[in-house]
$ cat target_38.cif   # mmCIF, C-alpha atoms and all ligand atoms
data_upload
#
loop_
_atom_site.label_atom_id
_atom_site.label_comp_id
_atom_site.auth_asym_id
_atom_site.auth_seq_id
_atom_site.Cartn_x
_atom_site.Cartn_y
_atom_site.Cartn_z
CA MET Y 6 0.00 0.00 0.00
CA PRO Y 7 1.43 3.44 -0.88
CA ALA Y 8 2.40 5.66 2.06
CA ALA Y 9 -0.34 8.03 3.23
CA VAL Y 10 0.24 11.61 2.08
CA VAL Y 11 -0.69 14.91 3.74
CA ARG Y 12 -3.27 16.49 1.41
CA HIS Y 13 -4.59 19.54 3.21
CA LEU Y 14 -4.15 21.74 6.28
CA GLU Y 15 -6.82 23.95 7.76
CA LEU Y 16 -5.65 26.59 10.23
CA ARG Y 17 -8.03 28.30 12.62
CA ARG Y 18 -7.55 31.08 15.10
CA VAL Y 19 -10.22 30.78 17.77
CA ALA Y 20 -10.94 33.10 20.70
CA LEU Y 21 -12.23 31.62 23.95
CA ARG Y 22 -13.15 33.83 26.88
CA LEU Y 23 -11.49 32.66 30.09
CA ARG Y 24 -14.02 32.09 32.84
CA GLN Y 25 -11.86 34.11 35.21
CA PRO Y 26 -8.84 36.28 34.37
CA VAL Y 27 -5.55 34.48 35.09
CA ARG Y 28 -2.95 36.54 36.97
CA THR Y 29 0.72 35.57 37.06
CA ALA Y 30 4.04 37.36 37.43
CA TYR Y 31 3.79 38.04 33.67
CA GLY Y 32 0.47 39.91 33.75
CA VAL Y 33 -3.27 39.26 33.41
CA GLU Y 34 -4.94 37.12 30.73
CA HIS Y 35 -8.66 37.61 30.00
CA ASP Y 36 -8.94 35.65 26.77
CA ARG Y 37 -7.24 32.66 25.32
CA GLU Y 38 -6.74 32.86 21.60
CA ILE Y 39 -5.73 29.47 20.27
CA ALA Y 40 -4.32 28.22 16.97
CA LEU Y 41 -5.88 24.97 15.77
CA VAL Y 42 -4.68 22.71 12.97
CA ARG Y 43 -6.83 20.21 11.09
CA VAL Y 44 -4.91 17.89 8.78
CA VAL Y 45 -6.39 15.78 6.03
CA THR Y 46 -4.33 12.80 4.91
CA ASP Y 47 -5.07 9.77 2.76
CA GLU Y 48 -5.98 8.01 6.03
CA GLY Y 49 -8.48 10.57 7.27
CA GLU Y 50 -8.39 13.77 9.31
CA GLY Y 51 -7.13 14.85 12.70
CA TRP Y 52 -6.98 17.88 14.97
CA GLY Y 53 -4.10 19.52 16.77
CA GLU Y 54 -4.05 22.41 19.26
CA CYS Y 55 -1.09 24.75 19.47
CA ALA Y 56 0.11 25.63 22.97
CA ALA Y 57 1.27 29.14 21.99
CA LEU Y 58 -0.27 31.95 24.05
CA PRO Y 59 -1.66 35.15 22.46
CA GLU Y 60 1.40 37.19 23.41
CA PRO Y 61 5.11 36.30 23.57
CA THR Y 62 5.37 37.23 27.26
CA TYR Y 63 5.94 33.71 28.64
CA HIS Y 64 7.51 32.01 25.64
CA PRO Y 65 8.78 33.40 22.31
CA GLU Y 66 6.11 31.63 20.27
CA TYR Y 67 2.66 33.27 20.11
CA VAL Y 68 -0.59 32.56 18.32
CA ALA Y 69 -0.25 34.88 15.32
CA GLY Y 70 3.39 33.91 14.86
CA ALA Y 71 2.60 30.19 15.03
CA LEU Y 72 -0.17 30.59 12.47
CA HIS Y 73 2.17 32.51 10.17
CA VAL Y 74 4.79 29.78 10.36
CA LEU Y 75 2.17 27.10 9.81
CA GLU Y 76 0.67 28.90 6.79
CA HIS Y 77 3.85 30.03 5.05
CA HIS Y 78 6.61 27.67 6.12
CA LEU Y 79 5.41 24.38 7.61
CA GLY Y 80 2.15 23.93 5.67
CA PRO Y 81 3.68 24.22 2.19
CA ARG Y 82 6.38 21.72 3.19
CA LEU Y 83 3.82 19.25 4.52
CA VAL Y 84 1.19 19.22 1.77
CA GLY Y 85 2.09 16.50 -0.71
CA THR Y 86 4.58 14.90 1.72
CA ALA Y 87 4.22 11.34 3.03
CA VAL Y 88 2.95 11.34 6.62
CA ASP Y 89 5.97 9.34 7.77
CA ARG Y 90 8.23 12.06 6.30
CA ALA Y 91 6.42 14.91 8.08
CA ASP Y 92 9.00 15.29 10.87
CA ALA Y 93 11.82 15.49 8.33
CA ALA Y 94 9.89 18.04 6.27
CA MET Y 95 9.27 20.21 9.34
CA ALA Y 96 12.92 19.94 10.44
CA ALA Y 97 13.83 22.30 7.59
CA VAL Y 98 12.23 25.06 9.69
CA VAL Y 99 14.32 25.96 12.74
CA GLY Y 100 12.58 26.13 16.12
CA HIS Y 101 8.83 26.88 16.28
CA HIS Y 102 8.26 23.85 18.47
CA MET Y 103 4.70 24.75 19.41
CA ALA Y 104 3.60 25.03 15.77
CA LYS Y 105 5.29 21.72 14.95
CA ALA Y 106 3.76 20.05 18.01
CA ALA Y 107 0.27 21.04 16.83
CA VAL Y 108 0.96 19.32 13.49
CA GLU Y 109 2.33 16.23 15.26
CA MET Y 110 -0.85 16.06 17.36
CA ALA Y 111 -3.10 16.37 14.31
CA LEU Y 112 -1.19 13.75 12.32
CA LEU Y 113 -1.26 11.33 15.27
CA ASP Y 114 -5.00 11.93 15.67
CA ALA Y 115 -5.60 11.17 11.99
CA ARG Y 116 -3.48 8.04 11.96
CA LEU Y 117 -4.84 6.65 15.22
CA HIS Y 118 -8.42 7.31 14.14
CA ALA Y 119 -7.75 5.24 11.02
CA ALA Y 120 -6.19 2.50 13.17
CA GLY Y 121 -8.99 2.62 15.77
CA ARG Y 122 -6.44 3.10 18.56
CA SER Y 123 -6.38 5.71 21.35
CA LEU Y 124 -3.50 8.12 21.84
CA ALA Y 125 -3.10 6.82 25.41
CA THR Y 126 -2.57 3.29 24.10
CA GLU Y 127 -0.19 4.55 21.41
CA LEU Y 128 1.98 6.38 23.97
CA GLY Y 129 2.05 3.46 26.41
CA ALA Y 130 -0.21 4.93 29.10
CA THR Y 131 -0.51 2.90 32.28
CA ALA Y 132 -3.29 4.82 34.06
CA ASP Y 133 -6.88 5.48 33.10
CA ALA Y 134 -7.12 8.72 35.09
CA VAL Y 135 -4.77 11.56 36.01
CA ALA Y 136 -4.54 13.37 39.37
CA ALA Y 137 -5.51 16.96 38.59
CA GLY Y 138 -4.13 20.11 40.13
CA ARG Y 139 -5.49 23.60 40.37
CA THR Y 140 -3.34 26.60 39.67
CA ILE Y 141 -4.34 29.73 41.57
CA GLY Y 142 -3.28 33.05 40.12
CA LEU Y 143 -1.99 36.05 42.02
CA ALA Y 144 -5.37 36.27 43.73
CA ASP Y 145 -6.32 38.96 46.22
CA ASP Y 146 -7.90 36.49 48.63
CA LEU Y 147 -5.67 33.43 48.64
CA GLY Y 148 -7.54 31.67 51.45
CA ALA Y 149 -10.89 31.90 49.63
CA ALA Y 150 -9.40 30.76 46.32
CA CYS Y 151 -7.78 27.74 48.03
CA SER Y 152 -11.00 26.85 49.85
CA GLU Y 153 -12.98 27.02 46.61
CA ALA Y 154 -10.48 24.77 44.82
CA ILE Y 155 -10.51 22.21 47.65
CA ALA Y 156 -14.31 22.27 47.75
CA ALA Y 157 -14.33 21.58 44.00
CA GLY Y 158 -12.33 18.41 44.69
CA TYR Y 159 -8.73 19.37 43.95
CA ARG Y 160 -6.04 17.78 46.12
CA HIS Y 161 -3.03 19.51 44.56
CA LEU Y 162 -2.82 23.30 44.53
CA LYS Y 163 -0.24 25.46 42.86
CA LEU Y 164 -0.08 29.10 43.78
CA LYS Y 165 1.39 31.72 41.50
CA ILE Y 166 3.57 33.97 43.65
CA THR Y 167 5.98 36.89 43.57
CA PRO Y 168 8.32 37.99 46.41
CA ALA Y 169 5.50 40.30 47.57
CA SER Y 170 2.93 37.49 48.02
CA ASP Y 171 1.42 37.06 51.48
CA LEU Y 172 1.08 33.33 52.14
CA SER Y 173 0.08 33.64 55.81
CA SER Y 174 -3.34 32.08 55.12
CA LEU Y 175 -1.68 28.83 54.00
CA ARG Y 176 -1.41 27.58 57.59
CA SER Y 177 -5.13 26.78 57.59
CA LEU Y 178 -5.05 24.28 54.70
CA PRO Y 179 -6.66 20.94 55.52
CA ALA Y 180 -4.66 17.71 55.62
CA GLY Y 181 -4.42 15.68 52.45
CA VAL Y 182 -3.84 18.68 50.19
CA THR Y 183 -0.40 19.36 48.72
CA VAL Y 184 0.57 22.92 47.93
CA SER Y 185 3.35 24.10 45.67
CA VAL Y 186 4.23 27.59 44.50
CA ASP Y 187 5.33 28.91 41.12
CA ALA Y 188 7.37 32.11 41.16
CA ASN Y 189 7.82 32.29 37.38
CA GLY Y 190 11.39 33.46 37.94
CA SER Y 191 10.45 36.49 40.00
CA PHE Y 192 12.86 35.99 42.95
CA ASP Y 193 16.43 37.17 43.21
CA PRO Y 194 18.65 34.87 45.30
CA GLU Y 195 20.30 37.71 47.25
CA ARG Y 196 17.56 40.34 47.45
CA ASP Y 197 14.88 37.78 48.33
CA ALA Y 198 16.90 35.40 50.50
CA ALA Y 199 14.68 36.02 53.55
CA ALA Y 200 11.49 35.53 51.53
CA LEU Y 201 12.87 32.24 50.16
CA ASP Y 202 13.67 31.07 53.70
CA ALA Y 203 10.14 31.97 54.77
CA LEU Y 204 8.72 29.92 51.88
CA ASP Y 205 10.97 27.03 52.88
CA ALA Y 206 9.37 26.96 56.33
CA LEU Y 207 5.86 26.37 54.94
CA GLY Y 208 6.31 22.67 54.10
CA LEU Y 209 5.48 23.17 50.42
CA ALA Y 210 5.58 20.30 47.94
CA SER Y 211 7.84 22.35 45.70
CA ILE Y 212 9.04 25.82 44.72
CA GLU Y 213 8.85 26.12 40.94
CA GLN Y 214 11.21 28.31 38.91
CA PRO Y 215 12.10 30.65 41.79
CA LEU Y 216 14.87 32.41 39.84
CA ALA Y 217 15.17 33.73 36.33
CA VAL Y 218 16.00 31.47 33.41
CA GLU Y 219 19.56 30.41 32.60
CA ARG Y 220 20.67 30.55 36.24
CA LEU Y 221 21.15 26.81 36.73
CA ASP Y 222 24.10 27.24 39.08
CA ASP Y 223 22.08 29.61 41.28
CA HIS Y 224 19.13 27.21 41.21
CA ALA Y 225 21.47 24.35 42.19
CA ALA Y 226 22.86 26.40 45.10
CA LEU Y 227 19.33 27.31 46.21
CA ALA Y 228 18.18 23.70 45.92
CA ALA Y 229 21.09 22.64 48.15
CA ARG Y 230 20.15 25.28 50.76
CA LEU Y 231 16.36 24.74 50.91
CA ARG Y 232 14.55 21.70 52.26
CA THR Y 233 11.70 22.28 49.83
CA PRO Y 234 12.27 20.68 46.41
CA VAL Y 235 13.16 23.26 43.77
CA THR Y 236 11.64 22.50 40.36
CA LEU Y 237 12.08 24.16 36.98
CA ASP Y 238 9.68 25.10 34.22
CA GLU Y 239 10.78 28.03 32.03
CA ASP Y 240 14.31 26.60 31.76
CA VAL Y 241 13.02 23.31 30.32
CA VAL Y 242 13.10 24.34 26.65
CA SER Y 243 14.39 21.04 25.27
CA VAL Y 244 14.84 17.41 26.28
CA ALA Y 245 18.57 18.07 26.79
CA ALA Y 246 17.92 21.16 28.92
CA GLY Y 247 15.57 19.23 31.21
CA VAL Y 248 17.97 16.33 31.63
CA ASP Y 249 20.84 18.74 32.28
CA ALA Y 250 18.90 20.67 34.95
CA VAL Y 251 18.19 17.48 36.91
CA ARG Y 252 21.72 16.13 36.45
CA ARG Y 253 23.26 19.37 37.78
CA GLY Y 254 21.03 19.39 40.85
CA ALA Y 255 19.23 22.56 39.73
CA ALA Y 256 15.85 20.80 39.75
CA ALA Y 257 14.34 17.92 41.72
CA ALA Y 258 11.76 17.64 38.94
CA VAL Y 259 10.88 19.42 35.71
CA ALA Y 260 7.73 20.74 34.06
CA VAL Y 261 7.23 19.16 30.68
CA LYS Y 262 5.23 21.19 28.20
CA PRO Y 263 4.88 19.16 25.01
CA GLY Y 264 4.44 22.24 22.83
CA ARG Y 265 7.60 23.87 24.12
CA LEU Y 266 9.62 20.69 23.47
CA GLY Y 267 8.20 20.14 19.99
CA GLY Y 268 5.64 17.43 20.58
CA LEU Y 269 4.24 14.55 22.56
CA ARG Y 270 7.05 12.13 21.70
CA ARG Y 271 9.76 14.49 22.91
CA ALA Y 272 7.77 15.14 26.08
CA LEU Y 273 7.62 11.41 26.73
CA ALA Y 274 11.34 11.09 26.05
CA LEU Y 275 12.17 13.78 28.63
CA GLY Y 276 9.89 12.31 31.30
CA ARG Y 277 11.47 8.89 30.85
CA ALA Y 278 15.01 10.33 30.70
CA VAL Y 279 14.57 11.89 34.16
CA GLY Y 280 13.02 8.72 35.57
CA GLY Y 281 9.57 10.16 36.05
CA ARG Y 282 10.74 13.22 38.00
CA ALA Y 283 8.46 15.27 35.78
CA TRP Y 284 4.96 16.55 35.45
CA ILE Y 285 2.94 17.89 32.53
CA GLY Y 286 2.57 21.64 32.79
CA GLY Y 287 -0.50 23.39 31.46
CA MET Y 288 -0.75 26.24 28.97
CA TYR Y 289 -4.50 26.94 29.45
CA GLU Y 290 -5.24 24.33 26.81
CA ALA Y 291 -8.74 23.87 25.47
CA GLY Y 292 -10.30 20.44 25.01
CA VAL Y 293 -8.20 19.21 22.08
CA GLY Y 294 -4.84 19.97 23.67
CA ARG Y 295 -6.05 18.82 27.07
CA ALA Y 296 -7.05 15.42 25.67
CA ALA Y 297 -3.53 14.95 24.31
CA ILE Y 298 -1.81 15.88 27.56
CA LEU Y 299 -4.17 13.66 29.57
CA ALA Y 300 -3.01 10.70 27.46
CA LEU Y 301 0.59 11.75 27.97
CA ALA Y 302 0.27 12.31 31.73
CA ALA Y 303 -1.18 8.79 32.02
CA CYS Y 304 2.28 7.44 31.13
CA THR Y 305 3.25 7.12 34.78
CA ASP Y 306 6.75 5.81 34.09
CA ALA Y 307 7.51 9.24 32.58
CA PHE Y 308 5.33 11.51 34.73
CA ALA Y 309 5.18 10.50 38.37
CA LEU Y 310 3.92 13.87 39.67
CA PRO Y 311 0.38 15.28 39.58
CA VAL Y 312 -0.41 17.64 36.74
CA ASP Y 313 -0.88 21.32 37.52
CA TRP Y 314 -3.92 21.83 35.35
CA SER Y 315 -7.53 21.24 35.98
CA ALA Y 316 -10.88 20.29 34.49
CA SER Y 317 -12.41 22.21 31.57
CA ASP Y 318 -14.79 24.16 33.81
CA ARG Y 319 -11.86 25.87 35.54
CA TYR Y 320 -11.15 27.85 32.38
CA TRP Y 321 -14.13 27.68 30.06
CA ASP Y 322 -17.88 28.06 30.27
CA GLU Y 323 -17.88 26.39 26.88
CA ASP Y 324 -14.94 24.23 25.78
CA LEU Y 325 -14.16 23.37 22.16
CA THR Y 326 -14.86 19.70 22.86
CA ALA Y 327 -16.89 17.69 25.32
CA PRO Y 328 -15.51 18.89 28.67
CA HIS Y 329 -12.86 17.05 30.69
CA VAL Y 330 -14.55 16.70 34.06
CA LEU Y 331 -13.08 16.50 37.58
CA ARG Y 332 -14.17 13.31 39.31
CA THR Y 333 -14.93 13.09 43.01
CA ASP Y 334 -11.53 11.50 43.70
CA GLY Y 335 -9.73 14.56 42.28
CA THR Y 336 -8.82 12.90 38.99
CA ILE Y 337 -9.74 13.44 35.34
CA ALA Y 338 -10.41 10.46 33.06
CA VAL Y 339 -8.04 9.77 30.19
CA PRO Y 340 -9.95 9.69 26.88
CA THR Y 341 -10.30 6.16 25.49
CA GLY Y 342 -11.73 6.76 22.01
CA PRO Y 343 -9.67 6.52 18.81
CA GLY Y 344 -7.03 9.21 18.35
CA LEU Y 345 -7.40 12.06 20.84
CA GLY Y 346 -10.81 10.68 21.82
CA VAL Y 347 -12.38 14.11 21.37
CA SER Y 348 -12.91 16.52 18.50
CA PRO Y 349 -14.10 20.12 18.35
CA ASP Y 350 -17.85 20.64 18.39
CA PRO Y 351 -18.67 22.10 14.93
CA SER Y 352 -21.19 24.59 16.31
CA VAL Y 353 -18.79 25.86 19.00
CA LEU Y 354 -16.01 26.02 16.45
CA ALA Y 355 -18.14 28.10 14.11
CA ARG Y 356 -18.93 30.59 16.90
CA VAL Y 357 -15.38 31.06 18.19
CA THR Y 358 -13.42 31.06 14.94
CA VAL Y 359 -11.81 34.43 14.24
CA ASP Y 360 -9.81 33.47 11.17
CA ARG Y 361 -9.51 30.43 8.91
CA ARG Y 362 -6.90 29.55 6.29
CA SER Y 363 -6.47 26.58 4.00
CA ILE Y 364 -3.31 25.09 2.54
CA GLY Y 365 -3.51 22.58 -0.27
CA PRO Y 366 -6.53 21.36 -2.24
CA SER Y 367 -9.61 20.64 -0.17
MG MG Y 401 5.39 27.33 35.78
#

$ encode --input "target_38.cif" --output "structure tokens"
Amino acid sequence: MPAAVVRHLELRRVALRLRQPVRTAYGVEHDREIALVRVVTDEGEGWGECAALPEPTYHPEYVAGALHVLEHHLGPRLVGTAVDRADAAMAAVVGHHMAKAAVEMALLDARLHAAGRSLATELGATADAVAAGRTIGLADDLGAACSEAIAAGYRHLKLKITPASDLSSLRSLPAGVTVSVDANGSFDPERDAAALDALDALGLASIEQPLAVERLDDHAALAARLRTPVTLDEDVVSVAAGVDAVRRGAAAAVAVKPGRLGGLRRALALGRAVGGRAWIGGMYEAGVGRAAILALAACTDAFALPVDWSASDRYWDEDLTAPHVLRTDGTIAVPTGPGLGVSPDPSVLARVTVDRRSIGPS
């Protein structure tokens, strides 16, 4: 049988209103614009969601940039190319991991749909549900936000912090809930030494990316000084970078963001290379992207730590797909259907699409 060929790409920019604004050290997000890719191959069609955020404030890639690269550089190289040559075709374009990861997701979805196999099975998942976590932004009333998350069923909380954050209300957290903090690089090791010591006394599960990027030696020194595990996120821009951070003692565990690494397979490779000292980090994904990372996070040999993202209703009144729902035990089910196990609802898609482009004959 001749190799399946990529025939067509459809690119969509969609705009979803966040249920609540998300506040971090980088600023406030009210909306989540998302780039979506639909591929049509000889085997069928599949969907991919790009992790890029609307603005390049957290990561260099951003929605409009990813769509430009997909339309003008990746798309033309993919259309007419055999599916099993897609990675090689995309390698001609340097970087742009999030755009490439969206294509990888869509091609996997198409192929697995044709094969009648789920993404979780394809990746080697060993769990049928994933322990969810709830990230709490730089909220005014931390105690109330934590109480609401716990009441909703979350057992793992991650608080966005800066050196100015007041965490005094944390002492009242009930047993059975783990709390970590994410500083998004906002601390300075000298200026904020006392604040870091105060954090260390709280019994947190981890302190994520306390210092700025590319300060692995400083992170290693801090990790040696603190009892609380120091973990890294922004520094984990490649499989090699993640492995290096753990090897040098700069991180007890790393956040794995498949888009940032260039796809699901690289994410899996990093998680396994660090012996499971890894978790899947969220990028406010909608239903398509969330289905993919649920399948990935279910590979417990690669990702031994709870995810730091939550059910669909945390972010969206209306998701692109059937919602991923928090169960009473604080977990979210891994989709079991062919491919991603979900696809965008056509009526929702029609309402939220801001722009649509096509590459190749339809
Ligand atoms: Mg982070």

$ residues_around --input "target_38.cif" --residues "Y:Asp313" --least-positions-apart "3" --cutoff "8 Å" --atoms "all atoms listed in the file" --output "JSON, numbers by chain"
{"Y": [137, 138, 139, 140, 161, 162, 163, 284, 285, 286, 287]}

$ atom_distance --input "target_38.cif" --atom1 "atom CA of Y:Ala338" --atom2 "atom CA of Y:Gly276"
20.5 Å

$ closest_residue --input "target_38.cif" --among "Y:Leu124, Y:Leu75, Y:Ile141, Y:Ala20" --to "ligand MG 401 (chain Y)" --atoms "all atoms listed in the file"
Y:Ile141

$ closest_residue --input "target_38.cif" --among "Y:Leu143, Y:Ala106, Y:Ala150, Y:Leu128" --to "Y:Lys262" --atoms "all atoms listed in the file"
Y:Ala106

$ residues_around --input "target_38.cif" --residues "Y:Asp92" --least-positions-apart "5" --cutoff "12 Å" --atoms "all atoms listed in the file" --output "list in words"
Leu79, Arg82, Leu83, Thr86, Ala87, Ala97, Val98, His102, Lys105, Ala106, Val108, Glu109, Met110, Leu112, Leu113, Gly267, Gly268 and Arg270 of chain Y

$ closest_atom_pairs --input "target_38.cif" --of "chain Y" --to "ligand MG 401 (chain Y)" --cutoff "6 Å" --atoms "all atoms listed in the file" --output "CSV"
residue,atom,partner,partner_atom,distance
Y:Asp187,CA,Y:MG401,MG,5.6
Y:Asn189,CA,Y:MG401,MG,5.8
Y:Asp238,CA,Y:MG401,MG,5.1

$ closest_residue --input "target_38.cif" --among "Y:Leu172, Y:Ala69, Y:Ala125, Y:Leu354" --to "Y:Leu273" --atoms "all atoms listed in the file"
Y:Ala125

$ atom_distance --input "target_38.cif" --atom1 "atom CA of Y:Arg295" --atom2 "atom CA of Y:Leu331"
12.9 Å

$ closest_residue --input "target_38.cif" --among "Y:Thr305, Y:Thr131, Y:Ser152, Y:Ser315" --to "Y:Val182" --atoms "all atoms listed in the file"
Y:Ser152

$ residues_near_point --input "target_38.cif" --point "(-14.3, 28.8, 16.8)" --cutoff "9 Å" --atoms "all atoms listed in the file" --output "list in words"
Arg17, Arg18, Val19, Ala20, Leu21, Leu325, Pro349, Pro351, Ser352, Val353, Leu354, Ala355, Arg356, Val357, Thr358, Val359 and Asp360 of chain Y

$ write_last_selection --input "target_38.cif" --atoms "C-alpha atoms" --output "PDB file, in the coordinates of the input"
ATOM      1  CA  ARG Y  17      -8.030  28.300  12.620  1.00  0.00           C
ATOM      2  CA  ARG Y  18      -7.550  31.080  15.100  1.00  0.00           C
ATOM      3  CA  VAL Y  19     -10.220  30.780  17.770  1.00  0.00           C
ATOM      4  CA  ALA Y  20     -10.940  33.100  20.700  1.00  0.00           C
ATOM      5  CA  LEU Y  21     -12.230  31.620  23.950  1.00  0.00           C
ATOM      6  CA  LEU Y 325     -14.160  23.370  22.160  1.00  0.00           C
ATOM      7  CA  PRO Y 349     -14.100  20.120  18.350  1.00  0.00           C
ATOM      8  CA  PRO Y 351     -18.670  22.100  14.930  1.00  0.00           C
ATOM      9  CA  SER Y 352     -21.190  24.590  16.310  1.00  0.00           C
ATOM     10  CA  VAL Y 353     -18.790  25.860  19.000  1.00  0.00           C
ATOM     11  CA  LEU Y 354     -16.010  26.020  16.450  1.00  0.00           C
ATOM     12  CA  ALA Y 355     -18.140  28.100  14.110  1.00  0.00           C
ATOM     13  CA  ARG Y 356     -18.930  30.590  16.900  1.00  0.00           C
ATOM     14  CA  VAL Y 357     -15.380  31.060  18.190  1.00  0.00           C
ATOM     15  CA  THR Y 358     -13.420  31.060  14.940  1.00  0.00           C
ATOM     16  CA  VAL Y 359     -11.810  34.430  14.240  1.00  0.00           C
ATOM     17  CA  ASP Y 360      -9.810  33.470  11.170  1.00  0.00           C
TER      18      ASP Y 360
END

$ atom_distance --input "target_38.cif" --atom1 "atom CA of Y:Gly190" --atom2 "atom CA of Y:Glu54"
26.6 Å

$ residues_near_point --input "target_38.cif" --point "(10.0, 13.3, 37.2)" --cutoff "8 Å" --atoms "only C-alpha atoms" --output "list of chain:residue names"
Y:Ala257, Y:Ala258, Y:Val259, Y:Gly276, Y:Arg277, Y:Val279, Y:Gly280, Y:Gly281, Y:Arg282, Y:Ala283, Y:Trp284, Y:Ala307, Y:Phe308, Y:Ala309, Y:Leu310

$ residues_around --input "target_38.cif" --residues "Y:His224" --least-positions-apart "5" --cutoff "10 Å" --atoms "all atoms listed in the file" --output "compact mmCIF listing (two decimals) with C-alpha atoms, in the coordinates of the input"
# COMPACT_ATOMS: atom_id res chain seq x y z
CA PRO Y 194 18.65 34.87 45.30
CA GLN Y 214 11.21 28.31 38.91
CA PRO Y 215 12.10 30.65 41.79
CA LEU Y 216 14.87 32.41 39.84
CA ALA Y 217 15.17 33.73 36.33
CA VAL Y 218 16.00 31.47 33.41
CA GLU Y 219 19.56 30.41 32.60
CA ALA Y 229 21.09 22.64 48.15
CA ARG Y 230 20.15 25.28 50.76
CA VAL Y 235 13.16 23.26 43.77
CA THR Y 236 11.64 22.50 40.36
CA LEU Y 237 12.08 24.16 36.98
CA ALA Y 250 18.90 20.67 34.95
CA ARG Y 253 23.26 19.37 37.78
CA GLY Y 254 21.03 19.39 40.85
CA ALA Y 255 19.23 22.56 39.73
CA ALA Y 256 15.85 20.80 39.75

$ residues_around --input "target_38.cif" --residues "Y:Ser367" --least-positions-apart "5" --cutoff "9 Å" --atoms "only C-alpha atoms" --output "MDAnalysis selection string"
chainID Y and resid 12:14 45

$ closest_residue --input "target_38.cif" --among "Y:Ala206, Y:Ser177, Y:Ala169, Y:Tyr67" --to "Y:Phe192" --atoms "only C-alpha atoms"
Y:Ala169

$ axis_aligned_box --input "target_38.cif" --around "stretch 74-92 of chain Y" --padding-each-side "4 Å" --output "JSON"
{"center_x": 4.8, "center_y": 19.7, "center_z": 5.1, "size_x": 16.3, "size_y": 28.7, "size_z": 19.6}

$ closest_residue --input "target_38.cif" --among "Y:Glu48, Y:Ala107, Y:His64, Y:Ala132" --to "Y:Asp306" --atoms "all atoms listed in the file"
Y:Ala132

$ residues_around --input "target_38.cif" --residues "Y:Leu117" --least-positions-apart "2" --cutoff "10 Å" --atoms "only C-alpha atoms" --output "list in words"
Glu48, Gly49, Glu50, Gly51, Ala111, Leu112, Leu113, Asp114, Ala115, Ala119, Ala120, Gly121, Arg122, Ser123, Leu124, Thr126, Glu127, Gly342, Pro343, Gly344, Leu345 and Gly346 of chain Y

$ decode --input "target_38.cif" --residues "stretch 250-288 of chain Y" --atoms "C-alpha atoms" --output "mmCIF file, in the first residue's frame"
data_model
loop_
_atom_site.group_PDB
_atom_site.id
_atom_site.type_symbol
_atom_site.label_atom_id
_atom_site.label_comp_id
_atom_site.auth_asym_id
_atom_site.auth_seq_id
_atom_site.Cartn_x
_atom_site.Cartn_y
_atom_site.Cartn_z
ATOM 1 C CA ALA Y 250 18.897 20.665 34.955
ATOM 2 C CA VAL Y 251 18.189 17.484 36.912
ATOM 3 C CA ARG Y 252 21.721 16.129 36.450
ATOM 4 C CA ARG Y 253 23.256 19.369 37.780
ATOM 5 C CA GLY Y 254 21.030 19.391 40.847
ATOM 6 C CA ALA Y 255 19.230 22.558 39.734
ATOM 7 C CA ALA Y 256 15.854 20.803 39.754
ATOM 8 C CA ALA Y 257 14.342 17.925 41.717
ATOM 9 C CA ALA Y 258 11.756 17.638 38.938
ATOM 10 C CA VAL Y 259 10.879 19.420 35.708
ATOM 11 C CA ALA Y 260 7.733 20.740 34.064
ATOM 12 C CA VAL Y 261 7.227 19.155 30.684
ATOM 13 C CA LYS Y 262 5.233 21.192 28.201
ATOM 14 C CA PRO Y 263 4.877 19.159 25.014
ATOM 15 C CA GLY Y 264 4.442 22.240 22.833
ATOM 16 C CA ARG Y 265 7.595 23.871 24.117
ATOM 17 C CA LEU Y 266 9.620 20.693 23.465
ATOM 18 C CA GLY Y 267 8.196 20.139 19.987
ATOM 19 C CA GLY Y 268 5.642 17.426 20.580
ATOM 20 C CA LEU Y 269 4.245 14.549 22.563
ATOM 21 C CA ARG Y 270 7.047 12.132 21.703
ATOM 22 C CA ARG Y 271 9.765 14.493 22.909
ATOM 23 C CA ALA Y 272 7.771 15.137 26.079
ATOM 24 C CA LEU Y 273 7.615 11.413 26.730
ATOM 25 C CA ALA Y 274 11.342 11.087 26.050
ATOM 26 C CA LEU Y 275 12.165 13.775 28.633
ATOM 27 C CA GLY Y 276 9.886 12.312 31.300
ATOM 28 C CA ARG Y 277 11.475 8.890 30.851
ATOM 29 C CA ALA Y 278 15.011 10.331 30.704
ATOM 30 C CA VAL Y 279 14.570 11.893 34.158
ATOM 31 C CA GLY Y 280 13.024 8.725 35.574
ATOM 32 C CA GLY Y 281 9.569 10.163 36.052
ATOM 33 C CA ARG Y 282 10.741 13.220 37.996
ATOM 34 C CA ALA Y 283 8.464 15.275 35.785
ATOM 35 C CA TRP Y 284 4.955 16.555 35.448
ATOM 36 C CA ILE Y 285 2.937 17.887 32.530
ATOM 37 C CA GLY Y 286 2.567 21.637 32.787
ATOM 38 C CA GLY Y 287 -0.502 23.388 31.463
ATOM 39 C CA MET Y 288 -0.753 26.242 28.973
#
